[in-house]
Amino acid sequence: MTGFATRRRLIAPPQARGQRLDRCLSALFPDRSRAELQRLIEAGAVQVGGRQARPSLRLSGGESIEVRFPPPAVLTLEPEAIALRLVYEDARLAVVYKPAGMVVHPGAGHDQGTLVHALLHRFGPLEAGDPARPGIVHRLDKDTSGLVVVALDPPAHRHLVEQFQQRRVRKTYLGLALGELARGGRIELALGRDRRDRKKISPRGRTLRAAVTLYRPLRRWPGLTLLELSLLTGRTHQIRVHLQQLGHPLAGDPIYGRGPARLTELQRTASRRGLLLHAAGLGFQHPAGSFLELSAPLPPPFAGVLAELSSNSF
């Protein structure tokens with residue numbers, strides 16, 4: 001295996017005693033999959049005590065470990081003529097409406113058809129931010145619709161990223177939750193990557209990070225509540241996991257949607273429309289100094305569910 005970009009040297013912690021090497025590395029490098037680390041070990045890119053090792057090596061704790069990571073794959077981004085709905089645009093930034101089903105930027109299994117590909121077609125080459133995801137300041141889940149702000153130059157990117165990091169951006173969502181909530185509240189529950197399934201987020205995951213969600217009910221139907229949600233942090237799957245932990249998962253959530261043992265007909269009908277979560281409002285300071293407050297209407301599937309609920313008498 002050639003072309004290694006970085007070397008990481010560390011000491012196996014005492015709690016690694018009796019643990020397999022691949023499992024220990026998975027805990028030490030939570031951003032890497034266990035399968036990827038196993039491949040590195042088998043390729044001779046990992047040494048323990050100066051010698052190559054096998055994934056099944058049992059550690060005693062205290063061993064010196066060296067891991068050589070390969071350089072990231074070169075990603076060629078090609079513009080794609082994908083329809084792009086602009087909510088706001090000027091020379092420095094744009095706010096776009098991302099439909100449910102669209103991935104924000106390229107990644108494993110998504111090398112085309114992303115929002116980034118559409119942005120490159122609309123705006124041409126973008127020099128702002130990570131070359132693998134140019135212009136991108138924040139993300140929405142694939143199945144979440146709504147507003148995404150995009151930087152069109154490096155200073156705007158730095159300015160916007162700083163606001164997100166300092167939690168100065170107003171982010172408002174609408175979600176249809178299973179069950180009936182009579183009052184609003186605050187969910188403060190740290191989240192991290194699930195220890196068994198890296199595609200999921202869990203309050204018992206690795207490298208927990210603070211996460212805070214505010215919610216208030218806007219309207220209720222038998223077994224369903226329309227919620228307005230505000231994020232004080234921006235963790236992956238935050239709203240979805242927080243509502244699951246509250247006992248009121250979002251209707252149509254394919255990952256965290258386990259609710260009552262038996263769904264009512266009304267709940268099943270709503271859940272068939274897919275994940276009902278929409279990034280409806282976004283407020284932030286423009287690099288020029290003004291404060292922008294933007295909103296986006298519900299997509300037709302979500303609006304259709306609410307219209308159907310409202311047209312029935314219960």
# chains A, B, ... in the order shown; residues from 1 in each chain; ligands from 1
>>> residues_around(residues="Gln166 in chain A", least_positions_apart="5", cutoff="12 Å", atoms="only C-alpha atoms", output="list of chain:residue names")
A:His159, A:Leu160, A:Val161, A:Leu232, A:Thr233, A:Gly234, A:Phe284
>>> select_by_dssp(residues="range 38-209 of chain A", states="strand (DSSP E)", output="PyMOL selection string")
chain A and resi 46-48+51-52+64-69+85-89+93-98+145-151+170-178+185-188+191-193+201-202+206-209
>>> write_last_selection(atoms="C-alpha atoms", output="mmCIF file, in the first residue's frame")
data_model
loop_
_atom_site.group_PDB
_atom_site.id
_atom_site.type_symbol
_atom_site.label_atom_id
_atom_site.label_comp_id
_atom_site.auth_asym_id
_atom_site.auth_seq_id
_atom_site.Cartn_x
_atom_site.Cartn_y
_atom_site.Cartn_z
ATOM 1 C CA VAL A 46 -0.384 -0.377 11.223
ATOM 2 C CA GLN A 47 2.514 -1.346 13.472
ATOM 3 C CA VAL A 48 2.401 -2.311 17.128
ATOM 4 C CA ARG A 51 6.020 -4.675 14.003
ATOM 5 C CA GLN A 52 3.159 -5.284 11.630
ATOM 6 C CA SER A 64 3.186 1.964 20.913
ATOM 7 C CA ILE A 65 0.973 2.031 17.833
ATOM 8 C CA GLU A 66 1.684 3.708 14.518
ATOM 9 C CA VAL A 67 -1.021 4.111 11.871
ATOM 10 C CA ARG A 68 -0.310 5.365 8.359
ATOM 11 C CA PHE A 69 -3.368 6.827 6.673
ATOM 12 C CA ARG A 85 -34.477 26.866 -6.358
ATOM 13 C CA LEU A 86 -32.911 30.081 -5.048
ATOM 14 C CA VAL A 87 -34.529 31.838 -2.102
ATOM 15 C CA TYR A 88 -31.867 34.576 -1.887
ATOM 16 C CA GLU A 89 -28.789 35.442 -3.945
ATOM 17 C CA LEU A 93 -23.780 34.082 -0.803
ATOM 18 C CA ALA A 94 -26.953 32.274 -1.774
ATOM 19 C CA VAL A 95 -29.723 30.556 0.158
ATOM 20 C CA VAL A 96 -31.199 27.596 -1.676
ATOM 21 C CA TYR A 97 -34.171 25.333 -1.115
ATOM 22 C CA LYS A 98 -32.985 21.724 -0.861
ATOM 23 C CA SER A 145 -36.187 19.560 2.978
ATOM 24 C CA GLY A 146 -35.539 23.254 3.470
ATOM 25 C CA LEU A 147 -33.052 26.098 3.538
ATOM 26 C CA VAL A 148 -29.291 25.827 3.053
ATOM 27 C CA VAL A 149 -26.960 28.836 2.950
ATOM 28 C CA VAL A 150 -24.028 28.641 0.518
ATOM 29 C CA ALA A 151 -20.905 30.817 0.482
ATOM 30 C CA ARG A 170 -31.337 30.952 13.976
ATOM 31 C CA LYS A 171 -32.517 27.592 12.685
ATOM 32 C CA THR A 172 -36.215 26.780 12.752
ATOM 33 C CA TYR A 173 -37.769 23.499 11.660
ATOM 34 C CA LEU A 174 -41.274 22.080 11.333
ATOM 35 C CA GLY A 175 -41.786 18.412 12.113
ATOM 36 C CA LEU A 176 -44.765 16.085 12.498
ATOM 37 C CA ALA A 177 -44.221 13.887 15.540
ATOM 38 C CA LEU A 178 -45.983 10.713 16.597
ATOM 39 C CA GLY A 185 -39.904 22.094 26.222
ATOM 40 C CA ARG A 186 -36.162 21.783 25.941
ATOM 41 C CA ILE A 187 -34.221 18.616 25.109
ATOM 42 C CA GLU A 188 -30.608 18.728 26.260
ATOM 43 C CA LEU A 191 -25.066 12.855 21.016
ATOM 44 C CA GLY A 192 -22.371 10.865 19.238
ATOM 45 C CA ARG A 193 -21.819 8.255 16.550
ATOM 46 C CA ILE A 201 -26.462 8.760 16.119
ATOM 47 C CA SER A 202 -27.035 7.868 19.762
ATOM 48 C CA ARG A 206 -18.745 7.690 20.829
ATOM 49 C CA THR A 207 -17.330 11.175 21.431
ATOM 50 C CA LEU A 208 -20.518 12.693 22.813
ATOM 51 C CA ARG A 209 -21.108 16.364 22.026
#
>>> closest_residue(among="A:Arg23, A:His278, A:Arg133, A:His248", to="Leu120 in chain A", atoms="only C-alpha atoms")
A:Arg133
>>> atom_distance(atom1="CA of Thr114 in chain A", atom2="CA of Leu276 in chain A")
20.5 Å
>>> select_by_dssp(residues="range 88-296 of chain A", states="alpha helix (DSSP H)", output="VMD selection string")
chain A and resid 115 to 123 154 to 165 238 to 246 265 to 271
>>> write_last_selection(atoms="C-alpha atoms", output="short mmCIF file (atom, residue, chain, number, x, y, z; two decimals), in the first residue's frame")
data_model
loop_
_atom_site.label_atom_id
_atom_site.label_comp_id
_atom_site.auth_asym_id
_atom_site.auth_seq_id
_atom_site.Cartn_x
_atom_site.Cartn_y
_atom_site.Cartn_z
CA LEU A 115 -26.55 19.98 -4.18
CA VAL A 116 -22.86 20.74 -4.80
CA HIS A 117 -23.14 19.49 -8.39
CA ALA A 118 -26.15 21.75 -8.92
CA LEU A 119 -24.31 24.73 -7.38
CA LEU A 120 -21.34 24.29 -9.70
CA HIS A 121 -23.67 24.37 -12.70
CA ARG A 122 -25.43 27.50 -11.44
CA PHE A 123 -22.46 29.50 -10.12
CA PRO A 154 -13.77 32.47 0.89
CA PRO A 155 -14.37 35.45 3.22
CA ALA A 156 -18.12 34.80 3.21
CA HIS A 157 -17.46 31.14 3.97
CA ARG A 158 -15.29 32.00 6.97
CA HIS A 159 -17.85 34.52 8.20
CA LEU A 160 -20.76 32.06 7.97
CA VAL A 161 -18.87 29.10 9.44
CA GLU A 162 -17.91 31.23 12.43
CA GLN A 163 -21.58 32.08 13.06
CA PHE A 164 -22.57 28.43 13.00
CA GLN A 165 -19.70 27.51 15.30
CA GLN A 238 -30.17 15.96 16.25
CA ILE A 239 -33.91 16.60 15.99
CA ARG A 240 -34.64 13.03 14.93
CA VAL A 241 -32.74 11.44 17.81
CA HIS A 242 -33.94 13.94 20.42
CA LEU A 243 -37.58 13.36 19.52
CA GLN A 244 -37.03 9.61 19.51
CA GLN A 245 -35.57 9.85 23.00
CA LEU A 246 -38.55 11.99 24.04
CA GLU A 265 -54.36 4.40 10.80
CA LEU A 266 -53.81 8.15 10.97
CA GLN A 267 -50.16 7.70 12.02
CA ARG A 268 -49.57 5.12 9.30
CA THR A 269 -51.05 7.42 6.66
CA ALA A 270 -48.77 10.29 7.69
CA SER A 271 -45.71 8.06 7.88
#
>>> closest_residue(among="A:Gln112, A:Ser56, A:Ser290, A:Asn312", to="Arg20 in chain A", atoms="only C-alpha atoms")
A:Ser56
>>> residues_around(residues="range 304-311 of chain A", least_positions_apart="3", cutoff="8 Å", atoms="only C-alpha atoms", output="JSON, numbers by chain")
{"A": [221, 270, 273, 300, 301]}
>>> residues_around(residues="Asp22 in chain A", least_positions_apart="2", cutoff="9 Å", atoms="only C-alpha atoms", output="PDB file with N, CA and C atoms, in the first residue's frame")
ATOM      1  N   GLN A  19      -8.169  -6.249  24.503  1.00  0.00           N
ATOM      2  CA  GLN A  19      -9.011  -5.833  23.375  1.00  0.00           C
ATOM      3  C   GLN A  19      -8.309  -6.123  22.050  1.00  0.00           C
ATOM      4  N   ARG A  20      -9.084  -6.464  21.035  1.00  0.00           N
ATOM      5  CA  ARG A  20      -8.534  -6.648  19.697  1.00  0.00           C
ATOM      6  C   ARG A  20      -8.003  -5.317  19.170  1.00  0.00           C
ATOM      7  N   CYS A  24      -9.782  -1.613  19.210  1.00  0.00           N
ATOM      8  CA  CYS A  24      -9.136  -0.508  19.921  1.00  0.00           C
ATOM      9  C   CYS A  24      -8.975   0.698  18.995  1.00  0.00           C
ATOM     10  N   LEU A  25      -8.518   0.470  17.753  1.00  0.00           N
ATOM     11  CA  LEU A  25      -8.341   1.570  16.814  1.00  0.00           C
ATOM     12  C   LEU A  25      -9.675   2.220  16.456  1.00  0.00           C
ATOM     13  N   SER A  26     -10.727   1.424  16.406  1.00  0.00           N
ATOM     14  CA  SER A  26     -12.052   1.963  16.116  1.00  0.00           C
ATOM     15  C   SER A  26     -12.484   2.954  17.194  1.00  0.00           C
ATOM     16  N   ALA A  27     -12.113   2.669  18.449  1.00  0.00           N
ATOM     17  CA  ALA A  27     -12.433   3.586  19.550  1.00  0.00           C
ATOM     18  C   ALA A  27     -11.530   4.812  19.522  1.00  0.00           C
ATOM     19  N   ARG A  34     -14.618   0.692  11.236  1.00  0.00           N
ATOM     20  CA  ARG A  34     -13.805  -0.450  11.652  1.00  0.00           C
ATOM     21  C   ARG A  34     -13.314  -1.223  10.433  1.00  0.00           C
ATOM     22  N   ALA A  35     -14.161  -1.309   9.394  1.00  0.00           N
ATOM     23  CA  ALA A  35     -13.760  -2.024   8.176  1.00  0.00           C
ATOM     24  C   ALA A  35     -12.563  -1.340   7.512  1.00  0.00           C
ATOM     25  N   LEU A  37     -10.283   0.497   9.037  1.00  0.00           N
ATOM     26  CA  LEU A  37      -9.105   0.258   9.868  1.00  0.00           C
ATOM     27  C   LEU A  37      -8.590  -1.165   9.714  1.00  0.00           C
ATOM     28  N   GLN A  38      -9.483  -2.126   9.557  1.00  0.00           N
ATOM     29  CA  GLN A  38      -9.064  -3.501   9.320  1.00  0.00           C
ATOM     30  C   GLN A  38      -8.286  -3.615   8.012  1.00  0.00           C
ATOM     31  N   ILE A  41      -4.789  -2.325   8.562  1.00  0.00           N
ATOM     32  CA  ILE A  41      -3.966  -3.299   9.299  1.00  0.00           C
ATOM     33  C   ILE A  41      -3.498  -4.402   8.360  1.00  0.00           C
ATOM     34  N   ARG A  54      -1.839  -8.124  13.153  1.00  0.00           N
ATOM     35  CA  ARG A  54      -3.100  -8.580  12.569  1.00  0.00           C
ATOM     36  C   ARG A  54      -4.262  -7.893  13.288  1.00  0.00           C
ATOM     37  N   PRO A  55      -5.410  -7.775  12.632  1.00  0.00           N
ATOM     38  CA  PRO A  55      -6.562  -7.129  13.285  1.00  0.00           C
ATOM     39  C   PRO A  55      -6.959  -7.799  14.598  1.00  0.00           C
ATOM     40  N   SER A  56      -6.718  -9.114  14.687  1.00  0.00           N
ATOM     41  CA  SER A  56      -7.146  -9.873  15.868  1.00  0.00           C
ATOM     42  C   SER A  56      -6.151  -9.841  17.016  1.00  0.00           C
ATOM     43  N   LEU A  57      -5.024  -9.114  16.850  1.00  0.00           N
ATOM     44  CA  LEU A  57      -4.036  -9.041  17.919  1.00  0.00           C
ATOM     45  C   LEU A  57      -4.660  -8.515  19.212  1.00  0.00           C
TER      46      LEU A  57
END
>>> closest_residue(among="A:Arg167, A:Arg39, A:Arg235, A:Arg220", to="Lys200 in chain A", atoms="only C-alpha atoms")
A:Arg235
>>> closest_residue(among="A:Asp90, A:Leu10, A:Met102, A:Gly109", to="Gly62 in chain A", atoms="only C-alpha atoms")
A:Leu10
>>> atom_distance(atom1="CA of Ala288 in chain A", atom2="CA of Leu152 in chain A")
13.5 Å
>>> closest_residue(among="A:Leu77, A:Gly101, A:Glu127, A:Arg196", to="Pro30 in chain A", atoms="only C-alpha atoms")
A:Arg196
